[in-house]
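*Asks:* Sharing input-v8.cif here; it has mmCIF, C-alpha atoms.
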```cif
data_my_file
#
loop_
_atom_site.label_atom_id
_atom_site.label_comp_id
_atom_site.auth_asym_id
_atom_site.auth_seq_id
_atom_site.Cartn_x
_atom_site.Cartn_y
_atom_site.Cartn_z
CA MET A 1428 -7.82 4.22 3.68
CA ALA A 1429 -4.27 4.89 2.64
CA GLY A 1430 -3.75 8.21 0.90
CA ARG A 1431 -6.94 9.64 2.25
CA LYS A 1432 -5.49 11.33 5.29
CA SER A 1433 -5.62 15.09 5.22
CA ASN A 1434 -2.94 17.57 6.16
CA THR A 1435 -3.60 21.20 5.44
CA ALA A 1436 -0.99 22.50 7.83
CA THR A 1437 1.76 22.10 5.24
CA ALA A 1438 -0.20 23.29 2.21
CA LYS A 1439 1.67 25.75 -0.02
CA LYS A 1440 0.46 28.60 -2.24
CA PRO A 1441 -0.52 27.10 -5.62
CA LYS A 1442 0.34 30.17 -7.74
CA ALA A 1443 3.97 30.35 -6.65
CA ILE A 1444 4.41 26.67 -7.37
CA LYS A 1445 2.92 26.94 -10.84
CA LYS A 1446 5.23 29.83 -11.79
CA SER A 1447 8.46 28.15 -10.71
CA SER A 1448 7.30 24.84 -12.17
CA ALA A 1449 6.79 26.35 -15.63
CA LYS A 1450 10.22 27.97 -15.59
CA SER A 1451 12.04 24.86 -14.49
CA ALA A 1452 9.99 22.67 -16.86
CA ALA A 1453 11.32 24.62 -19.88
CA LYS A 1454 14.87 24.32 -18.58
CA ASP A 1455 14.41 20.64 -17.80
CA GLY A 1456 13.14 20.05 -21.34
CA ALA A 1457 16.31 21.51 -22.87
CA VAL A 1458 18.53 19.52 -20.53
CA LYS A 1459 16.64 16.33 -21.28
CA LYS A 1460 17.03 16.94 -25.01
CA ARG A 1461 20.79 17.35 -24.61
CA ALA A 1462 20.93 14.19 -22.51
CA VAL A 1463 19.05 12.23 -25.18
CA ASN A 1464 21.40 13.58 -27.87
CA ALA A 1465 24.37 12.51 -25.81
CA VAL A 1466 23.00 8.99 -25.48
CA ASP A 1467 22.36 8.89 -29.25
CA GLN A 1468 25.96 9.82 -29.86
CA VAL A 1469 27.14 7.11 -27.48
CA VAL A 1470 25.09 4.53 -29.33
CA ALA A 1471 26.46 5.72 -32.67
CA ALA A 1472 29.99 5.59 -31.30
CA ALA A 1473 29.47 2.08 -29.99
CA LYS A 1474 28.34 0.97 -33.45
CA THR A 1475 31.47 2.46 -34.95
CA VAL A 1476 33.60 0.50 -32.50
CA LYS A 1477 32.07 -2.75 -33.65
CA ARG A 1478 32.45 -2.02 -37.30
CA LYS A 1479 35.84 -0.31 -37.60
CA SER A 1480 38.10 -1.12 -34.70
CA LYS A 1481 40.71 -3.69 -35.33
CA LYS A 1482 43.34 -2.53 -32.86
CA PRO A 1483 42.82 -2.73 -29.06
CA VAL A 1484 43.92 0.89 -28.73
CA ASP A 1485 40.92 2.01 -30.80
CA VAL A 1486 38.62 0.10 -28.47
CA TYR A 1487 40.15 1.75 -25.39
CA ARG A 1488 39.81 5.18 -26.98
CA GLU A 1489 36.15 4.58 -27.74
CA LEU A 1490 35.59 3.26 -24.24
CA GLU A 1491 37.11 6.43 -22.83
CA ARG A 1492 34.76 8.48 -24.97
CA LEU A 1493 31.91 6.32 -23.84
CA ALA A 1494 32.82 6.97 -20.21
CA ALA A 1495 33.03 10.69 -20.92
CA TYR A 1496 29.59 10.66 -22.52
CA ILE A 1497 28.13 8.80 -19.55
CA ASP A 1498 29.74 11.29 -17.18
CA ALA A 1499 28.27 14.16 -19.18
CA ALA A 1500 24.86 12.51 -19.20
CA LYS A 1501 25.04 12.06 -15.41
CA ARG A 1502 25.93 15.72 -14.97
CA GLU A 1503 23.05 16.78 -17.16
CA ILE A 1504 20.63 14.59 -15.24
CA ALA A 1505 22.01 16.05 -12.00
CA GLU A 1506 21.19 19.51 -13.36
CA LEU A 1507 17.56 18.43 -13.40
CA ARG A 1508 17.94 18.52 -9.63
CA PRO A 1509 16.04 15.31 -8.85
CA GLN A 1510 16.68 15.95 -5.16
CA ASP A 1511 14.56 19.12 -5.47
CA VAL A 1512 11.83 17.15 -7.19
CA LYS A 1513 11.91 14.61 -4.38
CA ASP A 1514 12.26 17.07 -1.48
CA GLU A 1515 10.11 19.95 -2.65
CA TYR A 1516 7.85 19.47 -5.66
CA LEU A 1517 6.42 16.04 -4.89
CA PRO A 1518 5.68 16.70 -1.19
CA THR A 1519 4.12 20.05 -2.16
CA ALA A 1520 1.92 18.35 -4.74
CA THR A 1521 0.72 15.74 -2.24
CA ASP A 1522 0.07 18.46 0.38
CA GLU A 1523 -2.00 20.39 -2.15
CA LEU A 1524 -4.01 17.31 -3.00
CA ASP A 1525 -4.58 16.60 0.69
CA ALA A 1526 -5.79 20.18 1.08
CA ILE A 1527 -8.30 19.66 -1.75
CA VAL A 1528 -9.72 16.60 0.01
CA GLU A 1529 -9.92 18.53 3.26
CA ALA A 1530 -11.65 21.50 1.61
CA THR A 1531 -14.23 19.36 -0.19
CA ALA A 1532 -14.94 17.48 3.05
CA ASP A 1533 -15.49 20.77 4.90
CA ALA A 1534 -17.77 22.06 2.14
CA THR A 1535 -19.74 18.79 2.08
CA ASN A 1536 -20.26 18.94 5.83
CA THR A 1537 -21.44 22.55 5.63
CA ILE A 1538 -23.91 21.60 2.90
CA MET A 1539 -25.21 18.75 5.03
CA ASP A 1540 -25.48 21.02 8.09
CA CYS A 1541 -27.78 23.23 6.01
CA CYS A 1542 -29.80 20.23 4.81
CA GLU A 1543 -30.32 19.09 8.39
CA VAL A 1544 -31.58 22.55 9.32
CA ILE A 1545 -34.04 22.37 6.41
CA GLU A 1546 -35.17 18.91 7.52
CA GLY A 1547 -35.68 20.29 11.01
CA VAL A 1548 -38.32 22.75 9.84
CA MET A 1549 -40.19 20.34 7.58
CA GLY A 1550 -42.73 19.75 10.33
CA ASP A 1551 -43.58 23.44 10.40
CA VAL A 1552 -44.76 23.61 6.80
CA THR A 1553 -47.54 22.02 4.75
CA ALA A 1554 -47.27 18.39 3.63
CA THR A 1555 -46.74 19.43 0.00
CA VAL A 1556 -43.94 21.83 0.86
CA SER A 1557 -42.44 19.29 3.24
CA ALA A 1558 -42.37 16.66 0.48
CA LYS A 1559 -40.65 19.08 -1.87
CA LEU A 1560 -38.05 19.91 0.78
CA MET A 1561 -37.52 16.22 1.41
CA ASP A 1562 -36.90 15.55 -2.31
CA ALA A 1563 -34.49 18.45 -2.52
CA THR A 1564 -32.48 17.41 0.53
CA THR A 1565 -32.35 13.81 -0.70
CA GLN A 1566 -30.87 15.00 -3.98
CA ILE A 1567 -28.35 17.14 -2.12
CA TYR A 1568 -27.28 14.14 -0.02
CA GLU A 1569 -26.90 12.07 -3.18
CA ALA A 1570 -24.81 14.79 -4.80
CA CYS A 1571 -22.60 14.92 -1.71
CA THR A 1572 -21.31 11.42 -2.47
CA PHE A 1573 -19.01 13.14 -4.97
CA GLN A 1574 -16.73 13.96 -2.04
CA ASP A 1575 -16.00 10.32 -1.29
CA ILE A 1576 -15.27 9.57 -4.95
CA THR A 1577 -13.10 12.67 -5.28
CA GLY A 1578 -11.16 11.68 -2.19
CA GLN A 1579 -10.52 8.20 -3.54
CA ARG A 1580 -9.43 9.49 -6.95
CA ILE A 1581 -7.02 11.92 -5.33
CA GLY A 1582 -5.75 9.07 -3.18
CA LYS A 1583 -4.82 7.24 -6.37
CA VAL A 1584 -2.93 10.28 -7.66
CA VAL A 1585 -1.05 10.55 -4.36
CA THR A 1586 -0.07 6.88 -4.68
CA ALA A 1587 1.19 7.56 -8.22
CA LEU A 1588 3.22 10.52 -6.95
CA LYS A 1589 4.75 8.33 -4.24
CA ASN A 1590 5.68 5.85 -6.95
CA ILE A 1591 7.43 8.63 -8.88
CA GLU A 1592 9.16 9.68 -5.67
CA GLU A 1593 10.60 6.18 -5.32
CA ARG A 1594 12.00 6.32 -8.82
CA VAL A 1595 13.49 9.74 -8.22
CA ASP A 1596 15.03 8.33 -5.04
CA ALA A 1597 16.62 5.57 -7.08
CA LEU A 1598 17.89 8.14 -9.60
CA VAL A 1599 19.42 10.27 -6.85
CA LEU A 1600 21.13 7.17 -5.51
CA THR A 1601 22.45 6.27 -8.95
CA LEU A 1602 23.89 9.73 -9.30
CA GLY A 1603 26.04 9.18 -6.27
CA ASP A 1604 24.22 10.56 -3.27
CA LYS A 1605 24.98 7.72 -0.93
CA ASN A 1606 22.93 9.26 1.84
CA THR A 1607 19.70 8.99 -0.11
CA LYS A 1608 18.13 5.57 0.08
CA PRO A 1609 15.05 4.51 -1.87
CA GLN A 1610 11.99 4.44 0.33
CA LYS A 1611 10.05 1.30 1.03
CA LYS A 1612 7.71 0.44 -1.80
CA ASN A 1613 4.09 0.99 -0.87
CA ALA A 1614 2.34 1.14 -4.25
CA LYS A 1615 -0.46 -1.30 -4.76
CA PRO A 1616 0.17 -3.81 -7.51
CA LYS A 1617 -2.17 -3.62 -10.48
CA LEU A 1618 -4.36 -6.56 -11.29
CA ALA A 1619 -2.80 -8.17 -14.33
CA ALA A 1620 -5.29 -9.03 -17.06
CA THR A 1621 -3.77 -12.48 -17.39
CA LYS A 1622 -3.91 -13.34 -13.71
CA ASP A 1623 -5.60 -16.59 -12.81
CA LYS A 1624 -8.61 -16.28 -10.54
CA GLN A 1625 -6.87 -18.07 -7.67
CA ASP A 1626 -3.95 -15.62 -7.94
CA ILE A 1627 -6.18 -12.60 -7.25
CA THR A 1628 -5.52 -11.32 -3.76
CA ASP A 1629 -7.55 -8.87 -1.68
CA ALA A 1630 -4.90 -6.24 -2.46
CA ASP A 1631 -5.55 -6.74 -6.20
CA LEU A 1632 -9.18 -5.86 -5.61
CA LEU A 1633 -8.46 -2.45 -4.10
CA GLU A 1634 -8.29 -0.03 -7.03
CA GLY A 1635 -10.88 2.55 -6.09
CA PRO A 1636 -13.17 4.33 -8.57
CA GLN A 1637 -12.83 3.33 -12.21
CA LEU A 1638 -12.61 6.00 -14.89
CA GLY A 1639 -15.33 6.68 -17.48
CA ASP A 1640 -16.00 3.72 -19.74
CA LYS A 1641 -14.06 1.37 -17.47
CA ALA A 1642 -16.52 1.93 -14.63
CA LYS A 1643 -19.35 -0.57 -14.32
CA SER A 1644 -22.84 0.80 -13.97
CA GLN A 1645 -25.24 -0.32 -11.23
CA ALA A 1646 -27.22 -2.19 -13.93
CA GLU A 1647 -24.12 -4.14 -14.97
CA ILE A 1648 -23.37 -4.95 -11.33
CA ASP A 1649 -26.98 -6.13 -10.91
CA ASP A 1650 -26.68 -8.38 -14.00
CA LEU A 1651 -23.47 -9.87 -12.69
CA LEU A 1652 -25.02 -10.53 -9.28
CA ALA A 1653 -28.10 -12.07 -10.91
CA SER A 1654 -25.89 -14.46 -12.88
CA PHE A 1655 -25.13 -16.22 -9.57
CA ASP A 1656 -28.79 -17.01 -8.96
CA MET B 49 -43.10 -10.26 6.85
CA ALA B 50 -43.05 -6.55 7.58
CA VAL B 51 -39.69 -4.92 7.91
CA ASP B 52 -38.85 -3.79 11.42
CA MET B 53 -38.24 -0.08 10.93
CA ASN B 54 -36.73 0.06 14.42
CA MET B 55 -33.98 -2.42 13.55
CA ASN B 56 -30.38 -1.47 14.23
CA VAL B 57 -28.47 -0.75 11.05
CA LEU B 58 -24.67 -0.68 11.14
CA ILE B 59 -23.02 1.51 8.53
CA VAL B 60 -19.28 1.16 7.95
CA ASP B 61 -17.11 3.63 6.04
CA ASP B 62 -13.77 5.33 6.69
CA TYR B 63 -15.14 8.61 5.29
CA LYS B 64 -17.08 10.43 7.99
CA THR B 65 -18.96 12.43 5.35
CA MET B 66 -20.12 9.22 3.67
CA LEU B 67 -21.31 7.86 7.02
CA ARG B 68 -23.29 11.05 7.51
CA ILE B 69 -24.78 10.87 4.00
CA ILE B 70 -25.88 7.25 4.43
CA ARG B 71 -27.23 7.96 7.92
CA ASN B 72 -29.29 10.88 6.59
CA LEU B 73 -30.59 8.86 3.63
CA LEU B 74 -31.55 6.01 6.00
CA ARG B 75 -33.34 8.48 8.26
CA GLN B 76 -35.28 9.76 5.26
CA LEU B 77 -36.20 6.16 4.47
CA GLY B 78 -37.50 5.78 8.01
CA PHE B 79 -34.59 4.03 9.73
CA GLU B 80 -33.55 6.01 12.80
CA ASN B 81 -31.50 3.43 14.70
CA VAL B 82 -28.21 3.70 12.90
CA ASP B 83 -24.80 2.91 14.37
CA GLU B 84 -21.49 3.71 12.73
CA ALA B 85 -18.02 2.19 12.40
CA THR B 86 -15.02 3.50 10.50
CA ASP B 87 -13.44 0.19 9.53
CA GLY B 88 -14.03 -3.54 9.60
CA THR B 89 -12.37 -4.14 12.96
CA GLN B 90 -14.52 -1.60 14.75
CA ALA B 91 -17.60 -2.89 12.95
CA LEU B 92 -16.90 -6.47 13.96
CA GLU B 93 -16.49 -5.41 17.60
CA LYS B 94 -19.84 -3.63 17.51
CA LEU B 95 -21.53 -6.58 15.83
CA LYS B 96 -20.13 -9.00 18.42
CA GLU B 97 -21.09 -6.71 21.29
CA GLY B 98 -24.59 -6.48 19.83
CA GLU B 99 -24.71 -10.30 19.52
CA GLY B 100 -26.78 -10.29 16.39
CA ASN B 101 -29.03 -7.38 17.35
CA PHE B 102 -28.23 -5.68 14.08
CA GLY B 103 -30.72 -6.16 11.27
CA LEU B 104 -28.49 -4.92 8.46
CA VAL B 105 -24.89 -4.03 7.69
CA ILE B 106 -24.08 -1.49 4.98
CA SER B 107 -20.34 -1.41 4.42
CA ASP B 108 -17.69 0.22 2.29
CA TRP B 109 -14.99 -2.07 0.87
CA ASN B 110 -11.78 -0.05 0.86
CA MET B 111 -10.86 0.58 4.50
CA GLU B 112 -7.94 -0.04 6.83
CA PRO B 113 -6.98 -2.01 8.80
CA MET B 114 -9.87 -4.37 8.04
CA THR B 115 -11.55 -4.07 4.65
CA GLY B 116 -15.22 -4.58 3.92
CA ILE B 117 -14.65 -7.96 2.28
CA GLU B 118 -12.71 -9.17 5.32
CA LEU B 119 -15.50 -7.95 7.58
CA LEU B 120 -18.00 -9.82 5.42
CA ARG B 121 -16.00 -13.06 5.71
CA HIS B 122 -15.81 -12.67 9.50
CA VAL B 123 -19.55 -12.05 9.68
CA ARG B 124 -20.39 -15.06 7.54
CA ALA B 125 -18.03 -17.27 9.58
CA ASP B 126 -19.67 -16.34 12.90
CA ASP B 127 -22.70 -18.42 13.85
CA LYS B 128 -24.27 -15.53 15.76
CA LEU B 129 -23.80 -13.01 12.95
CA LYS B 130 -23.92 -14.93 9.71
CA HIS B 131 -27.66 -14.36 9.21
CA ILE B 132 -27.28 -10.56 9.07
CA PRO B 133 -27.93 -9.11 5.61
CA PHE B 134 -24.82 -7.39 4.29
CA ILE B 135 -24.85 -4.74 1.54
CA MET B 136 -21.53 -3.61 0.09
CA VAL B 137 -21.47 0.06 -0.96
CA THR B 138 -18.24 0.77 -2.79
CA ALA B 139 -16.50 2.53 -5.65
CA GLU B 140 -14.85 -0.80 -6.54
CA SER B 141 -16.84 -1.72 -9.63
CA LYS B 142 -14.74 -4.41 -11.32
CA SER B 143 -16.33 -7.79 -12.05
CA GLU B 144 -13.64 -9.45 -9.92
CA ASN B 145 -14.84 -7.44 -6.93
CA VAL B 146 -18.49 -8.31 -7.40
CA ILE B 147 -17.62 -12.00 -7.83
CA ALA B 148 -15.36 -12.01 -4.76
CA ALA B 149 -18.06 -10.29 -2.70
CA LYS B 150 -20.72 -12.73 -3.89
CA GLU B 151 -18.51 -15.68 -3.08
CA ALA B 152 -17.95 -14.23 0.39
CA GLY B 153 -21.71 -14.08 0.90
CA VAL B 154 -22.70 -10.49 0.16
CA SER B 155 -26.45 -9.89 0.08
CA ASN B 156 -26.31 -7.05 -2.42
CA TYR B 157 -23.83 -4.66 -3.98
CA ILE B 158 -24.13 -0.92 -4.62
CA VAL B 159 -21.58 0.96 -6.66
CA LYS B 160 -20.69 4.54 -5.67
CA PRO B 161 -21.81 7.15 -6.44
CA PHE B 162 -25.34 5.96 -5.76
CA ASN B 163 -28.73 7.55 -5.22
CA ALA B 164 -31.45 7.11 -2.62
CA ASP B 165 -33.61 5.02 -4.97
CA THR B 166 -30.80 2.51 -5.49
CA LEU B 167 -30.18 2.31 -1.75
CA LYS B 168 -33.86 1.72 -1.08
CA SER B 169 -34.31 -0.87 -3.85
CA LYS B 170 -31.31 -2.88 -2.64
CA MET B 171 -32.58 -2.72 0.93
CA VAL B 172 -36.00 -3.88 -0.23
CA SER B 173 -34.44 -6.80 -2.15
CA VAL B 174 -32.60 -7.85 1.00
CA LEU B 175 -35.13 -7.06 3.74
CA GLY B 176 -38.46 -7.07 1.94
CA ASP B 177 -40.77 -4.18 1.11
CA PHE B 178 -41.05 -1.21 3.44
#
```
Translate the structure of the given file into structure tokens.

*Replies:*
Amino acid sequence: MAGRKSNTATAKKPKAIKKSSAKSAAKDGAVKKRAVNAVDQVVAAAKTVKRKSKKPVDVYRELERLAAYIDAAKREIAELRPQDVKDEYLPTATDELDAIVEATADATNTIMDCCEVIEGVMGDVTATVSAKLMDATTQIYEACTFQDITGQRIGKVVTALKNIEERVDALVLTLGDKNTKPQKKNAKPKLAATKDKQDITDADLLEGPQLGDKAKSQAEIDDLLASFD
Amino acid sequence: MAVDMNMNVLIVDDYKTMLRIIRNLLRQLGFENVDEATDGTQALEKLKEGEGNFGLVISDWNMEPMTGIELLRHVRADDKLKHIPFIMVTAESKSENVIAAKEAGVSNYIVKPFNADTLKSKMVSVLGDF
């Protein structure tokens, strides 16, 4: 499935990323705050224009200020270095997530290798011991299904990150980097609660594992299936 | 009628580890003749090559290029294959999914993560006791 493919070759060191992320996050917070303040001031200025200006010259002056504020806001947003977010942080995050999927798959396979060895010697022990080993290996196999679920959940996070990447692309473009074009949209549309049944497409039905209370239990699935009979 | 424990079972999942888990659980249940496919297209090819020699399909939903629901529709539309019991094993647990699968002709539906008892009980409900 999409987003499940693994790629450990490009995985980065997590610690280094965390350190630089924390530093830049604090800086980004301050810059964002200044940008929000600037926008607030623009809005306040615009209100003043409506209320007070009677002469065209006042309007032009306020428009000039408005342009200056917008310029300042653009500069502040540029300081957030969205290109870095797009080129470095997001790809690193997706690589790390891919590495997690790869590592859990490797571990799961090792666990199953061991189980198969245990199953191989079941014939050499008493029936009671063999039954106990069988129960234990069955439970291990059941527990190993976590890897599939984990992989799918991480796939959803990767899709979300790609969505963010698209928006950052658009932001970079807005800021004037003509060479940066938004990538093709590949996020799956969410199933709208108000959608009519006939509007539901196969793509709407691909959401992967549900979280916590949203997930249906096997008993609920069974009830739903039985309602058709 | 007694279940043929030598029947060919086709398991379909794009996660190799999940294929291995299901294969091992089936072996523990007594089914040794298990074939694998990693998406609907490959599964359909195997089913057509086997010309109905498969006694059961156990398939994931979310796969590319052909999903489990598409595979199910193809199976149900094929005169030589439409009789084959089809169990969907998926993390997709929304009502819409279960309804869509039922309408497409699914025999039973297992939500991941699942345990061996659930797998066996669904197989029994589809195939009969074994």

*Asks:* What is the distance, in Å and to one decimal place, between CA of Lys170 in chain B and CA of Val57 in chain B?

*Replies:* 14.1 Å

*Asks:* So, counting all atoms listed in the file, which residue among A:Glu1634, A:Glu1569, A:Leu1598, A:Cys1541 is closest to Arg1508 in chain A?

*Replies:*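 Smallest separation from Arg1508 in chain A among the options: A:Leu1598.
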
*Asks:* Given the file shown, determine the residues that the PyMOL selection byres ((chain B) within 9 of (chain A)) selects; report them as number ranges by chain.

*Replies:* B: 62-66, 68-70, 72-73, 76, 109-113, 115, 117-118, 138-148, 150, 156-164, 166

*Asks:* Compare A:Val1599, A:Thr1531, A:Val1484, A:Asp1640 by their minimum atom-to-atom distance to Leu1507 in chain A, counting only C-alpha atoms, and give me the closest one.

*Replies:*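 For Leu1507 in chain A, the nearest of the candidates is A:Val1599.
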
*Asks:* What is the CA of Ser107 in chain B-CA of Arg1580 in chain A distance in Å, reported with one decimal?

*Replies:*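 We find that CA of Ser107 in chain B and CA of Arg1580 in chain A lie 19.2 Å from each other.
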
*Asks:* Hey, which of B:Ile132, B:Asn56, B:Gly78, B:Gly103 ends up closest to Phe178 in chain B? Count only C-alpha atoms.

*Replies:*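 Result for the nearest residue to Phe178 in chain B: B:Gly78.
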
*Asks:* Rounded to one decimal in Å, what is the spacing between CA of Asp108 in chain B and CA of Leu167 in chain B?

*Replies:*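 Atom-to-atom, CA of Asp108 in chain B to CA of Leu167 in chain B, that is 13.3 Å.
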
*Asks:* Would you mind listing what lies within 8 Å of Leu95 in chain B as a list in words, with only C-alpha atoms counted and same-chain residues fewer than 6 positions away left out?

*Replies:* Asn101, Phe102 and Leu129 of chain B

*Asks:* Now that the selection is made, can you save its residues with C-alpha atoms as a tab-separated table (two decimals), in the frame of the given file?

*Replies:*
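part35.tsv, freshly written:
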```tsv
chain	number	residue	atom	x	y	z
B	101	ASN	CA	-29.03	-7.38	17.35
B	102	PHE	CA	-28.23	-5.68	14.08
B	129	LEU	CA	-23.80	-13.01	12.95
```

*Asks:* Return as an mmCIF file with C-alpha atoms, keeping the file's coordinate frame the set of residues that the PyMOL selection byres ((chain B and resi 87) around 6) yields on the displayed structure.

*Replies:*
```
data_model
loop_
_atom_site.group_PDB
_atom_site.id
_atom_site.type_symbol
_atom_site.label_atom_id
_atom_site.label_comp_id
_atom_site.auth_asym_id
_atom_site.auth_seq_id
_atom_site.Cartn_x
_atom_site.Cartn_y
_atom_site.Cartn_z
ATOM 1 C CA ASP B 62 -13.770 5.330 6.690
ATOM 2 C CA ALA B 85 -18.020 2.190 12.400
ATOM 3 C CA THR B 86 -15.020 3.500 10.500
ATOM 4 C CA GLY B 88 -14.030 -3.540 9.600
ATOM 5 C CA THR B 89 -12.370 -4.140 12.960
ATOM 6 C CA GLN B 90 -14.520 -1.600 14.750
ATOM 7 C CA MET B 111 -10.860 0.580 4.500
ATOM 8 C CA MET B 114 -9.870 -4.370 8.040
#
```

*Asks:* Compare B:Val105, B:Ala149, B:Val82, B:Ala91 by their minimum atom-to-atom distance to Leu175 in chain B, counting all atoms listed in the file, and give me the closest one.

*Replies:*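 Answer, going by the shortest atom-to-atom distance: B:Val105.
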
*Asks:* Mind telling me what the PyMOL selection byres ((chain B and resi 153) around 8) catches here, as a PyMOL selection string?

*Replies:* chain B and resi 120-121+124+149-152+154-155

*Asks:* So which one's closest to Ala1526 in chain A, A:Ile1581, A:Ile1538, A:Val1548, A:Leu1560? Using all atoms listed in the file, please.

*Replies:*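 Of A:Ile1581, A:Ile1538, A:Val1548, A:Leu1560, the one nearest Ala1526 in chain A is A:Ile1581, counting all atoms listed in the file.
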